[in-house]
>>> print(open('data16.cif').read())   # mmCIF, C-alpha atoms, pLDDT in the B column; chains and numbers go by the auth columns
data_input
loop_
_atom_site.group_PDB
_atom_site.id
_atom_site.type_symbol
_atom_site.label_atom_id
_atom_site.label_comp_id
_atom_site.label_asym_id
_atom_site.label_seq_id
_atom_site.Cartn_x
_atom_site.Cartn_y
_atom_site.Cartn_z
_atom_site.B_iso_or_equiv
_atom_site.auth_seq_id
_atom_site.auth_asym_id
ATOM 1 C CA ASN A 1 0.000 0.000 0.000 91.00 1 F
ATOM 2 C CA THR A 2 2.886 2.354 -0.753 96.00 2 F
ATOM 3 C CA VAL A 3 2.936 4.445 -3.933 98.00 3 F
ATOM 4 C CA THR A 4 6.097 6.167 -5.194 97.00 4 F
ATOM 5 C CA VAL A 5 5.564 9.255 -7.381 97.00 5 F
ATOM 6 C CA LEU A 6 8.140 11.130 -9.446 97.00 6 F
ATOM 7 C CA ALA A 7 7.449 14.835 -10.130 95.00 7 F
ATOM 8 C CA THR A 8 9.181 18.188 -10.613 92.00 8 F
ATOM 9 C CA HIS A 9 9.810 20.471 -7.652 91.00 9 F
ATOM 10 C CA ALA A 10 7.161 22.948 -8.823 91.00 10 F
ATOM 11 C CA VAL A 11 4.439 20.341 -9.362 94.00 11 F
ATOM 12 C CA SER A 12 5.301 18.672 -6.059 95.00 12 F
ATOM 13 C CA GLN A 13 5.391 21.854 -3.999 92.00 13 F
ATOM 14 C CA PHE A 14 2.583 23.890 -5.512 92.00 14 F
ATOM 15 C CA TRP A 15 0.095 21.325 -6.794 94.00 15 F
ATOM 16 C CA LEU A 16 0.620 17.889 -5.275 96.00 16 F
ATOM 17 C CA PHE A 17 1.603 18.635 -1.648 93.00 17 F
ATOM 18 C CA PRO A 18 -1.396 20.907 -0.927 91.00 18 F
ATOM 19 C CA ARG A 19 -3.740 18.111 -2.030 94.00 19 F
ATOM 20 C CA LEU A 20 -2.122 15.131 -0.331 94.00 20 F
ATOM 21 C CA LEU A 21 -3.838 15.653 3.017 92.00 21 F
ATOM 22 C CA GLY A 22 -7.150 15.341 1.234 94.00 22 F
ATOM 23 C CA PHE A 23 -6.093 12.054 -0.322 96.00 23 F
ATOM 24 C CA SER A 24 -4.785 10.722 2.993 95.00 24 F
ATOM 25 C CA ALA A 25 -8.089 11.546 4.658 96.00 25 F
ATOM 26 C CA ILE A 26 -9.920 9.419 2.094 95.00 26 F
ATOM 27 C CA HIS A 27 -7.314 6.643 1.875 97.00 27 F
ATOM 28 C CA PRO A 28 -5.384 6.474 5.166 96.00 28 F
ATOM 29 C CA GLU A 29 -4.291 2.942 4.277 97.00 29 F
ATOM 30 C CA ILE A 30 -2.131 4.187 1.353 97.00 30 F
ATOM 31 C CA THR A 31 1.271 5.829 1.870 97.00 31 F
ATOM 32 C CA VAL A 32 2.463 8.177 -0.882 97.00 32 F
ATOM 33 C CA ASN A 33 6.190 8.832 -1.279 97.00 33 F
ATOM 34 C CA ILE A 34 7.211 11.711 -3.561 96.00 34 F
ATOM 35 C CA ASN A 35 10.574 11.965 -5.298 95.00 35 F
ATOM 36 C CA ALA A 36 11.002 15.541 -6.539 94.00 36 F
ATOM 37 C CA THR A 37 13.499 16.329 -9.284 91.00 37 F
ATOM 38 C CA ASN A 38 13.668 18.633 -12.294 87.00 38 F
ATOM 39 C CA ASP A 39 15.722 16.121 -14.265 85.00 39 F
ATOM 40 C CA ILE A 40 12.780 13.849 -15.071 89.00 40 F
ATOM 41 C CA GLN A 41 13.150 11.816 -18.252 89.00 41 F
ATOM 42 C CA PRO A 42 10.755 9.180 -19.647 91.00 42 F
ATOM 43 C CA PHE A 43 13.321 6.423 -19.119 92.00 43 F
ATOM 44 C CA MET A 44 13.034 7.052 -15.357 93.00 44 F
ATOM 45 C CA VAL A 45 9.334 6.127 -15.256 94.00 45 F
ATOM 46 C CA PRO A 46 9.876 2.374 -14.576 94.00 46 F
ATOM 47 C CA ASP A 47 11.813 3.278 -11.404 93.00 47 F
ATOM 48 C CA CYS A 48 8.601 4.440 -9.686 96.00 48 F
ATOM 49 C CA ASP A 49 4.934 3.540 -9.558 97.00 49 F
ATOM 50 C CA LEU A 50 3.759 6.787 -11.153 98.00 50 F
ATOM 51 C CA ALA A 51 5.374 9.865 -12.647 97.00 51 F
ATOM 52 C CA ILE A 52 4.078 13.302 -13.576 97.00 52 F
ATOM 53 C CA LEU A 53 5.705 14.110 -16.923 95.00 53 F
ATOM 54 C CA TYR A 54 5.594 17.378 -18.846 94.00 54 F
ATOM 55 C CA GLY A 55 5.191 17.334 -22.612 93.00 55 F
ATOM 56 C CA ASN A 56 2.851 16.137 -25.346 93.00 56 F
ATOM 57 C CA GLY A 57 2.185 12.671 -23.919 93.00 57 F
ATOM 58 C CA ASP A 58 3.974 10.818 -26.715 92.00 58 F
ATOM 59 C CA TRP A 59 6.591 8.657 -25.000 94.00 59 F
ATOM 60 C CA PRO A 60 7.554 5.105 -25.992 93.00 60 F
ATOM 61 C CA ASP A 61 6.778 2.317 -23.514 94.00 61 F
ATOM 62 C CA VAL A 62 4.915 4.775 -21.258 96.00 62 F
ATOM 63 C CA GLU A 63 1.172 4.879 -20.646 96.00 63 F
ATOM 64 C CA SER A 64 0.084 8.446 -19.967 96.00 64 F
ATOM 65 C CA ALA A 65 -3.062 10.479 -19.332 96.00 65 F
ATOM 66 C CA SER A 66 -3.312 14.254 -19.543 95.00 66 F
ATOM 67 C CA MET A 67 -3.807 15.852 -16.143 95.00 67 F
ATOM 68 C CA ILE A 68 -2.966 19.598 -16.085 94.00 68 F
ATOM 69 C CA PRO A 69 -2.876 21.608 -19.352 94.00 69 F
ATOM 70 C CA GLU A 70 -0.086 24.192 -19.501 94.00 70 F
ATOM 71 C CA VAL A 71 -1.349 27.750 -18.979 95.00 71 F
ATOM 72 C CA VAL A 72 1.288 30.432 -18.323 95.00 72 F
ATOM 73 C CA TYR A 73 0.838 34.093 -17.400 96.00 73 F
ATOM 74 C CA PRO A 74 2.787 36.932 -15.698 97.00 74 F
ATOM 75 C CA VAL A 75 2.237 37.619 -12.005 97.00 75 F
ATOM 76 C CA ALA A 76 3.375 40.260 -9.536 96.00 76 F
ATOM 77 C CA LEU A 77 2.881 41.345 -5.952 95.00 77 F
ATOM 78 C CA PRO A 78 -0.137 43.690 -5.701 95.00 78 F
ATOM 79 C CA GLY A 79 0.963 47.309 -5.890 93.00 79 F
ATOM 80 C CA SER A 80 4.510 46.509 -7.017 92.00 80 F
ATOM 81 C CA PRO A 81 6.026 48.428 -9.970 90.00 81 F
ATOM 82 C CA GLY A 82 4.464 47.315 -13.233 92.00 82 F
ATOM 83 C CA SER A 83 1.742 45.217 -11.629 93.00 83 F
ATOM 84 C CA GLN A 84 -0.988 47.258 -13.327 94.00 84 F
ATOM 85 C CA VAL A 85 0.295 47.354 -16.919 95.00 85 F
ATOM 86 C CA SER A 86 -2.127 46.047 -19.533 94.00 86 F
ATOM 87 C CA THR A 87 -0.256 45.760 -22.857 96.00 87 F
ATOM 88 C CA LEU A 88 2.564 43.528 -24.080 96.00 88 F
ATOM 89 C CA ASP A 89 4.667 46.578 -25.010 95.00 89 F
ATOM 90 C CA GLU A 90 4.408 47.936 -21.474 96.00 90 F
ATOM 91 C CA LEU A 91 5.234 44.534 -20.046 96.00 91 F
ATOM 92 C CA ALA A 92 8.280 44.013 -22.277 95.00 92 F
ATOM 93 C CA ALA A 93 9.744 47.341 -21.137 93.00 93 F
ATOM 94 C CA LEU A 94 9.843 46.221 -17.488 92.00 94 F
ATOM 95 C CA PRO A 95 12.789 44.471 -15.737 86.00 95 F
ATOM 96 C CA LEU A 96 11.191 41.041 -15.796 95.00 96 F
ATOM 97 C CA ILE A 97 12.524 38.195 -13.646 95.00 97 F
ATOM 98 C CA GLN A 98 14.154 35.708 -15.992 92.00 98 F
ATOM 99 C CA LEU A 99 14.134 31.918 -15.865 87.00 99 F
ATOM 100 C CA THR A 100 16.988 29.980 -17.434 83.00 100 F
ATOM 101 C CA SER A 101 16.688 26.260 -17.079 63.00 101 F
ATOM 102 C CA ALA A 102 18.145 23.053 -18.457 55.00 102 F
ATOM 103 C CA TRP A 103 14.687 21.486 -18.457 57.00 103 F
ATOM 104 C CA ASP A 104 12.241 22.326 -21.187 70.00 104 F
ATOM 105 C CA ARG A 105 10.080 25.113 -19.814 79.00 105 F
ATOM 106 C CA MET A 106 8.795 28.369 -21.232 89.00 106 F
ATOM 107 C CA GLU A 107 10.910 31.486 -20.728 92.00 107 F
ATOM 108 C CA TRP A 108 9.935 35.096 -21.367 95.00 108 F
ATOM 109 C CA LYS A 109 11.227 35.000 -24.954 93.00 109 F
ATOM 110 C CA ASP A 110 9.019 31.971 -25.651 93.00 110 F
ATOM 111 C CA TRP A 111 6.051 33.513 -23.893 96.00 111 F
ATOM 112 C CA PHE A 112 6.141 36.722 -25.935 97.00 112 F
ATOM 113 C CA ALA A 113 6.664 34.683 -29.126 96.00 113 F
ATOM 114 C CA HIS A 114 3.410 32.874 -28.343 96.00 114 F
ATOM 115 C CA PHE A 115 1.730 36.239 -28.986 96.00 115 F
ATOM 116 C CA ASN A 116 3.893 36.983 -32.057 96.00 116 F
ATOM 117 C CA ARG A 117 6.024 39.551 -30.288 95.00 117 F
ATOM 118 C CA ALA A 118 9.820 39.600 -30.265 94.00 118 F
ATOM 119 C CA TYR A 119 11.507 39.972 -26.894 94.00 119 F
ATOM 120 C CA GLN A 120 15.125 40.026 -25.806 90.00 120 F
ATOM 121 C CA PRO A 121 15.862 40.064 -22.060 87.00 121 F
ATOM 122 C CA PRO A 122 18.296 42.751 -20.906 86.00 122 F
ATOM 123 C CA LYS A 123 21.597 41.527 -19.503 83.00 123 F
ATOM 124 C CA SER A 124 20.868 43.301 -16.223 83.00 124 F
ATOM 125 C CA ALA A 125 17.593 41.423 -15.606 84.00 125 F
ATOM 126 C CA PRO A 126 17.456 39.301 -12.422 86.00 126 F
ATOM 127 C CA THR A 127 17.860 35.660 -13.446 87.00 127 F
ATOM 128 C CA PHE A 128 17.262 32.352 -11.672 88.00 128 F
ATOM 129 C CA ASN A 129 17.699 28.761 -12.828 85.00 129 F
ATOM 130 C CA GLN A 130 14.662 27.338 -11.021 85.00 130 F
ATOM 131 C CA LEU A 131 10.985 28.103 -11.443 86.00 131 F
ATOM 132 C CA THR A 132 10.473 27.897 -7.684 87.00 132 F
ATOM 133 C CA LEU A 133 13.105 30.638 -7.225 90.00 133 F
ATOM 134 C CA THR A 134 11.554 33.063 -9.714 90.00 134 F
ATOM 135 C CA TYR A 135 8.195 32.495 -8.051 90.00 135 F
ATOM 136 C CA ALA A 136 9.639 33.081 -4.573 91.00 136 F
ATOM 137 C CA ALA A 137 11.283 36.302 -5.792 92.00 137 F
ATOM 138 C CA THR A 138 7.931 37.517 -7.084 94.00 138 F
ATOM 139 C CA LEU A 139 6.238 36.747 -3.779 92.00 139 F
ATOM 140 C CA GLN A 140 8.895 38.930 -2.132 92.00 140 F
ATOM 141 C CA GLY A 141 8.056 41.835 -4.475 91.00 141 F
ATOM 142 C CA ALA A 142 11.245 41.572 -6.540 91.00 142 F
ATOM 143 C CA GLY A 143 9.442 41.926 -9.859 93.00 143 F
ATOM 144 C CA ILE A 144 7.256 40.204 -12.410 96.00 144 F
ATOM 145 C CA SER A 145 7.748 36.562 -13.345 95.00 145 F
ATOM 146 C CA LEU A 146 6.002 33.923 -15.381 95.00 146 F
ATOM 147 C CA ALA A 147 3.815 31.557 -13.388 94.00 147 F
ATOM 148 C CA TRP A 148 2.084 28.344 -14.324 94.00 148 F
ATOM 149 C CA ASP A 149 -1.581 28.354 -13.474 94.00 149 F
ATOM 150 C CA PHE A 150 -1.309 25.170 -11.391 92.00 150 F
ATOM 151 C CA MET A 151 1.036 26.999 -8.997 90.00 151 F
ATOM 152 C CA ALA A 152 -0.438 30.505 -9.029 92.00 152 F
ATOM 153 C CA ALA A 153 -4.206 30.079 -9.282 91.00 153 F
ATOM 154 C CA ASP A 154 -4.824 29.815 -5.538 90.00 154 F
ATOM 155 C CA VAL A 155 -2.668 32.791 -4.516 92.00 155 F
ATOM 156 C CA VAL A 156 -4.139 34.932 -7.302 93.00 156 F
ATOM 157 C CA SER A 157 -7.655 34.073 -6.133 91.00 157 F
ATOM 158 C CA LYS A 158 -6.654 35.097 -2.600 92.00 158 F
ATOM 159 C CA GLY A 159 -5.183 38.404 -3.826 94.00 159 F
ATOM 160 C CA GLU A 160 -1.645 37.543 -2.685 94.00 160 F
ATOM 161 C CA LEU A 161 -0.480 37.922 -6.291 95.00 161 F
ATOM 162 C CA VAL A 162 -2.102 39.589 -9.288 96.00 162 F
ATOM 163 C CA ARG A 163 -1.997 38.676 -12.936 96.00 163 F
ATOM 164 C CA VAL A 164 -0.182 41.256 -15.043 96.00 164 F
ATOM 165 C CA THR A 165 -2.091 41.905 -18.313 96.00 165 F
ATOM 166 C CA GLU A 166 -4.862 39.578 -19.437 94.00 166 F
ATOM 167 C CA PHE A 167 -2.532 37.512 -21.616 96.00 167 F
ATOM 168 C CA ALA A 168 -2.185 33.799 -20.857 95.00 168 F
ATOM 169 C CA ALA A 169 -0.285 31.362 -23.062 95.00 169 F
ATOM 170 C CA VAL A 170 -2.140 28.092 -23.578 93.00 170 F
ATOM 171 C CA THR A 171 0.534 25.932 -25.192 93.00 171 F
ATOM 172 C CA GLY A 172 -1.224 22.636 -25.863 93.00 172 F
ATOM 173 C CA LEU A 173 1.311 20.814 -23.665 94.00 173 F
ATOM 174 C CA ALA A 174 0.441 19.400 -20.250 95.00 174 F
ATOM 175 C CA GLU A 175 1.467 17.541 -17.130 96.00 175 F
ATOM 176 C CA PHE A 176 0.684 13.848 -17.645 97.00 176 F
ATOM 177 C CA VAL A 177 0.208 11.029 -15.166 97.00 177 F
ATOM 178 C CA ALA A 178 2.467 8.299 -16.507 97.00 178 F
ATOM 179 C CA HIS A 179 3.587 4.785 -15.686 97.00 179 F
ATOM 180 C CA ASP A 180 5.467 1.863 -17.230 96.00 180 F
ATOM 181 C CA ALA A 181 3.229 0.394 -19.928 95.00 181 F
ATOM 182 C CA SER A 182 4.714 -3.076 -19.513 94.00 182 F
ATOM 183 C CA ARG A 183 3.924 -3.398 -15.820 93.00 183 F
ATOM 184 C CA PRO A 184 0.431 -3.464 -14.288 94.00 184 F
ATOM 185 C CA LEU A 185 -0.258 -0.881 -11.606 96.00 185 F
ATOM 186 C CA SER A 186 -0.698 -2.081 -8.055 96.00 186 F
ATOM 187 C CA PRO A 187 -4.191 -1.560 -6.579 97.00 187 F
ATOM 188 C CA ALA A 188 -2.858 1.334 -4.472 97.00 188 F
ATOM 189 C CA ALA A 189 -1.187 2.979 -7.471 97.00 189 F
ATOM 190 C CA ARG A 190 -4.398 2.614 -9.474 97.00 190 F
ATOM 191 C CA VAL A 191 -6.357 4.343 -6.708 98.00 191 F
ATOM 192 C CA PHE A 192 -3.828 7.181 -6.545 98.00 192 F
ATOM 193 C CA LYS A 193 -3.753 7.579 -10.332 97.00 193 F
ATOM 194 C CA ASP A 194 -7.550 7.854 -10.456 97.00 194 F
ATOM 195 C CA TRP A 195 -7.433 10.448 -7.688 97.00 195 F
ATOM 196 C CA LEU A 196 -4.759 12.457 -9.543 97.00 196 F
ATOM 197 C CA LEU A 197 -6.906 12.521 -12.664 96.00 197 F
ATOM 198 C CA GLN A 198 -9.919 13.671 -10.645 95.00 198 F
ATOM 199 C CA GLU A 199 -7.883 16.504 -9.130 94.00 199 F
ATOM 200 C CA GLY A 200 -6.582 17.359 -12.586 92.00 200 F
ATOM 201 C CA ALA A 201 -10.141 17.603 -13.873 91.00 201 F
ATOM 202 C CA LEU A 202 -10.921 20.126 -11.124 87.00 202 F
ATOM 203 C CA THR A 203 -7.847 22.134 -12.125 85.00 203 F
ATOM 204 C CA ARG A 204 -8.911 22.097 -15.773 82.00 204 F
ATOM 205 C CA SER A 205 -12.369 23.348 -14.846 79.00 205 F
ATOM 206 C CA ALA A 206 -10.815 26.299 -13.047 75.00 206 F
ATOM 207 C CA GLN A 207 -8.515 26.977 -15.999 68.00 207 F
ATOM 208 C CA ALA A 208 -11.484 27.342 -18.294 54.00 208 F
ATOM 209 C CA VAL A 209 -12.005 30.861 -16.954 51.00 209 F
ATOM 210 C CA VAL A 210 -8.341 31.880 -17.360 53.00 210 F
ATOM 211 C CA GLY A 211 -8.534 32.349 -21.114 50.00 211 F
ATOM 212 C CA SER A 212 -5.960 33.477 -23.646 50.00 212 F
ATOM 213 C CA VAL A 213 -5.700 36.844 -25.363 49.00 213 F
ATOM 214 C CA ASP A 214 -4.400 36.724 -28.958 46.00 214 F
#
>>> encode(input="data16.cif", output="structure tokens")
Amino acid sequence: NTVTVLATHAVSQFWLFPRLLGFSAIHPEITVNINATNDIQPFMVPDCDLAILYGNGDWPDVESASMIPEVVYPVALPGSPGSQVSTLDELAALPLIQLTSAWDRMEWKDWFAHFNRAYQPPKSAPTFNQLTLTYAATLQGAGISLAWDFMAADVVSKGELVRVTEFAAVTGLAEFVAHDASRPLSPAARVFKDWLLQEGALTRSAQAVVGSVD
């Protein structure tokens, strides 16, 4: 009755951890162990019961089900400089917090390109190599960063952060629940997978109101 789950730091910290108490209340007989790493590759899936993989869902020897569609938008601390801008031109002129990462995630250049706008980050812009760090810097009022809806939706709804502009990039990629296609899931892993997909459906319902401005 133990389930091992592989996930990124951001998914683990901002989406999975806050929900685990709810799962434990329903299924106290199942223990969930989470291995968090940003170096997840499909070949690592057989080493655990379940994995949460980011991409298009097309991986050999892996059975996957879409859970959280990727929706990305800028956020800032309420009242901080630039938090009330409304256009892409205004946003691009600000000292945005940059994310440089070895794993395949959207950066500001990619985000602006989604809306057919060129962007080149200034050399003086604050830069971090982890999504969790850029997000923490934003929570401290250090500037504007990109946030994934699965991590920011709750704090935005509480007013702890605000969305900057109405633009949200909906990329067509997603976080997928995945497991080794050649090995049947244990009963406990099947229960946890079904629960993950139910929670993902709730997240998708909330995302329906986020929208995307072209």
>>> closest_residue(input="data16.cif", among="F:Leu53, F:Leu88, F:Ala181, F:Ala137", to="Pro69 (chain F)", atoms="only C-alpha atoms")
F:Leu53
>>> closest_residue(input="data16.cif", among="F:Thr171, F:Thr165, F:Ser24, F:Ser80", to="Ala142 (chain F)", atoms="only C-alpha atoms")
F:Ser80
>>> resolve_selection(input="data16.cif", expression="the PyMOL selection byres ((chain F and resi 92) around 10)", output="ChimeraX atom specification")
/F:87-91,93-96,108-109,112,117-121
>>> closest_residue(input="data16.cif", among="F:Leu131, F:Leu173, F:Val5, F:Leu20", to="Asn38 (chain F)", atoms="all atoms listed in the file")
F:Leu131
>>> resolve_selection(input="data16.cif", expression="the PyMOL selection byres ((chain F and resi 73) around 10)", output="PyMOL selection string")
chain F and resi 71-72+74-75+108+111+145-149+152+163-170+210+212
>>> write_last_selection(input="data16.cif", atoms="C-alpha atoms", output="compact mmCIF listing (two decimals), in the coordinates of the input")
# COMPACT_ATOMS: atom_id res chain seq x y z
CA VAL F 71 -1.35 27.75 -18.98
CA VAL F 72 1.29 30.43 -18.32
CA PRO F 74 2.79 36.93 -15.70
CA VAL F 75 2.24 37.62 -12.00
CA TRP F 108 9.94 35.10 -21.37
CA TRP F 111 6.05 33.51 -23.89
CA SER F 145 7.75 36.56 -13.34
CA LEU F 146 6.00 33.92 -15.38
CA ALA F 147 3.82 31.56 -13.39
CA TRP F 148 2.08 28.34 -14.32
CA ASP F 149 -1.58 28.35 -13.47
CA ALA F 152 -0.44 30.50 -9.03
CA ARG F 163 -2.00 38.68 -12.94
CA VAL F 164 -0.18 41.26 -15.04
CA THR F 165 -2.09 41.90 -18.31
CA GLU F 166 -4.86 39.58 -19.44
CA PHE F 167 -2.53 37.51 -21.62
CA ALA F 168 -2.18 33.80 -20.86
CA ALA F 169 -0.28 31.36 -23.06
CA VAL F 170 -2.14 28.09 -23.58
CA VAL F 210 -8.34 31.88 -17.36
CA SER F 212 -5.96 33.48 -23.65
>>> decode(input="data16.cif", residues="region 8-18 of chain F", atoms="all heavy atoms", output="mmCIF file, in the first residue's frame")
data_model
loop_
_atom_site.group_PDB
_atom_site.id
_atom_site.type_symbol
_atom_site.label_atom_id
_atom_site.label_comp_id
_atom_site.auth_asym_id
_atom_site.auth_seq_id
_atom_site.Cartn_x
_atom_site.Cartn_y
_atom_site.Cartn_z
ATOM 1 N N THR F 8 8.291 17.034 -10.736
ATOM 2 C CA THR F 8 9.181 18.188 -10.613
ATOM 3 C C THR F 8 8.976 18.875 -9.273
ATOM 4 O O THR F 8 7.969 18.661 -8.590
ATOM 5 C CB THR F 8 8.933 19.205 -11.742
ATOM 6 O OG1 THR F 8 7.604 19.724 -11.611
ATOM 7 C CG2 THR F 8 9.121 18.571 -13.109
ATOM 8 N N HIS F 9 9.925 19.729 -8.909
ATOM 9 C CA HIS F 9 9.810 20.471 -7.652
ATOM 10 C C HIS F 9 8.558 21.357 -7.652
ATOM 11 O O HIS F 9 7.856 21.447 -6.646
ATOM 12 C CB HIS F 9 11.061 21.322 -7.426
ATOM 13 C CG HIS F 9 12.270 20.522 -7.054
ATOM 14 N ND1 HIS F 9 12.459 19.997 -5.802
ATOM 15 C CD2 HIS F 9 13.350 20.146 -7.789
ATOM 16 C CE1 HIS F 9 13.606 19.347 -5.757
ATOM 17 N NE2 HIS F 9 14.163 19.409 -6.952
ATOM 18 N N ALA F 10 8.301 22.024 -8.776
ATOM 19 C CA ALA F 10 7.161 22.948 -8.823
ATOM 20 C C ALA F 10 5.842 22.207 -8.702
ATOM 21 O O ALA F 10 4.963 22.602 -7.931
ATOM 22 C CB ALA F 10 7.196 23.764 -10.116
ATOM 23 N N VAL F 11 5.682 21.115 -9.445
ATOM 24 C CA VAL F 11 4.439 20.341 -9.362
ATOM 25 C C VAL F 11 4.273 19.758 -7.968
ATOM 26 O O VAL F 11 3.180 19.785 -7.392
ATOM 27 C CB VAL F 11 4.422 19.230 -10.428
ATOM 28 C CG1 VAL F 11 3.268 18.268 -10.186
ATOM 29 C CG2 VAL F 11 4.313 19.833 -11.820
ATOM 30 N N SER F 12 5.374 19.255 -7.402
ATOM 31 C CA SER F 12 5.301 18.672 -6.059
ATOM 32 C C SER F 12 4.902 19.707 -5.028
ATOM 33 O O SER F 12 3.989 19.491 -4.218
ATOM 34 C CB SER F 12 6.652 18.060 -5.678
ATOM 35 O OG SER F 12 7.008 17.012 -6.550
ATOM 36 N N GLN F 13 5.586 20.847 -5.041
ATOM 37 C CA GLN F 13 5.391 21.854 -3.999
ATOM 38 C C GLN F 13 4.068 22.595 -4.123
ATOM 39 O O GLN F 13 3.376 22.814 -3.121
ATOM 40 C CB GLN F 13 6.549 22.851 -4.029
ATOM 41 C CG GLN F 13 6.440 23.962 -2.989
ATOM 42 C CD GLN F 13 7.641 24.892 -3.005
ATOM 43 O OE1 GLN F 13 8.682 24.588 -3.587
ATOM 44 N NE2 GLN F 13 7.513 26.042 -2.375
ATOM 45 N N PHE F 14 3.716 22.981 -5.346
ATOM 46 C CA PHE F 14 2.583 23.890 -5.512
ATOM 47 C C PHE F 14 1.277 23.201 -5.892
ATOM 48 O O PHE F 14 0.205 23.775 -5.712
ATOM 49 C CB PHE F 14 2.906 24.955 -6.559
ATOM 50 C CG PHE F 14 4.045 25.843 -6.169
ATOM 51 C CD1 PHE F 14 5.274 25.739 -6.803
ATOM 52 C CD2 PHE F 14 3.912 26.763 -5.141
ATOM 53 C CE1 PHE F 14 6.335 26.550 -6.437
ATOM 54 C CE2 PHE F 14 4.958 27.578 -4.766
ATOM 55 C CZ PHE F 14 6.173 27.478 -5.412
ATOM 56 N N TRP F 15 1.344 21.988 -6.401
ATOM 57 C CA TRP F 15 0.095 21.325 -6.794
ATOM 58 C C TRP F 15 -0.163 20.048 -5.996
ATOM 59 O O TRP F 15 -1.259 19.847 -5.469
ATOM 60 C CB TRP F 15 0.120 20.993 -8.289
ATOM 61 C CG TRP F 15 -1.232 20.574 -8.796
ATOM 62 C CD1 TRP F 15 -2.244 21.393 -9.208
ATOM 63 C CD2 TRP F 15 -1.724 19.234 -8.920
ATOM 64 N NE1 TRP F 15 -3.347 20.637 -9.587
ATOM 65 C CE2 TRP F 15 -3.043 19.311 -9.425
ATOM 66 C CE3 TRP F 15 -1.174 17.977 -8.666
ATOM 67 C CZ2 TRP F 15 -3.818 18.186 -9.668
ATOM 68 C CZ3 TRP F 15 -1.950 16.847 -8.909
ATOM 69 C CH2 TRP F 15 -3.246 16.955 -9.400
ATOM 70 N N LEU F 16 0.846 19.198 -5.891
ATOM 71 C CA LEU F 16 0.620 17.889 -5.275
ATOM 72 C C LEU F 16 0.565 17.947 -3.753
ATOM 73 O O LEU F 16 -0.371 17.427 -3.135
ATOM 74 C CB LEU F 16 1.715 16.924 -5.731
ATOM 75 C CG LEU F 16 1.534 15.441 -5.376
ATOM 76 C CD1 LEU F 16 0.163 14.936 -5.757
ATOM 77 C CD2 LEU F 16 2.624 14.613 -6.051
ATOM 78 N N PHE F 17 1.559 18.580 -3.114
ATOM 79 C CA PHE F 17 1.603 18.635 -1.648
ATOM 80 C C PHE F 17 0.324 19.209 -1.032
ATOM 81 O O PHE F 17 -0.213 18.655 -0.076
ATOM 82 C CB PHE F 17 2.811 19.440 -1.169
ATOM 83 C CG PHE F 17 4.119 18.694 -1.256
ATOM 84 C CD1 PHE F 17 5.314 19.376 -1.174
ATOM 85 C CD2 PHE F 17 4.157 17.320 -1.404
ATOM 86 C CE1 PHE F 17 6.524 18.700 -1.257
ATOM 87 C CE2 PHE F 17 5.353 16.634 -1.483
ATOM 88 C CZ PHE F 17 6.545 17.325 -1.415
ATOM 89 N N PRO F 18 -0.197 20.333 -1.548
ATOM 90 C CA PRO F 18 -1.396 20.907 -0.927
ATOM 91 C C PRO F 18 -2.623 19.991 -0.984
ATOM 92 O O PRO F 18 -3.578 20.191 -0.235
ATOM 93 C CB PRO F 18 -1.632 22.188 -1.742
ATOM 94 C CG PRO F 18 -0.307 22.527 -2.323
ATOM 95 C CD PRO F 18 0.336 21.208 -2.621
#
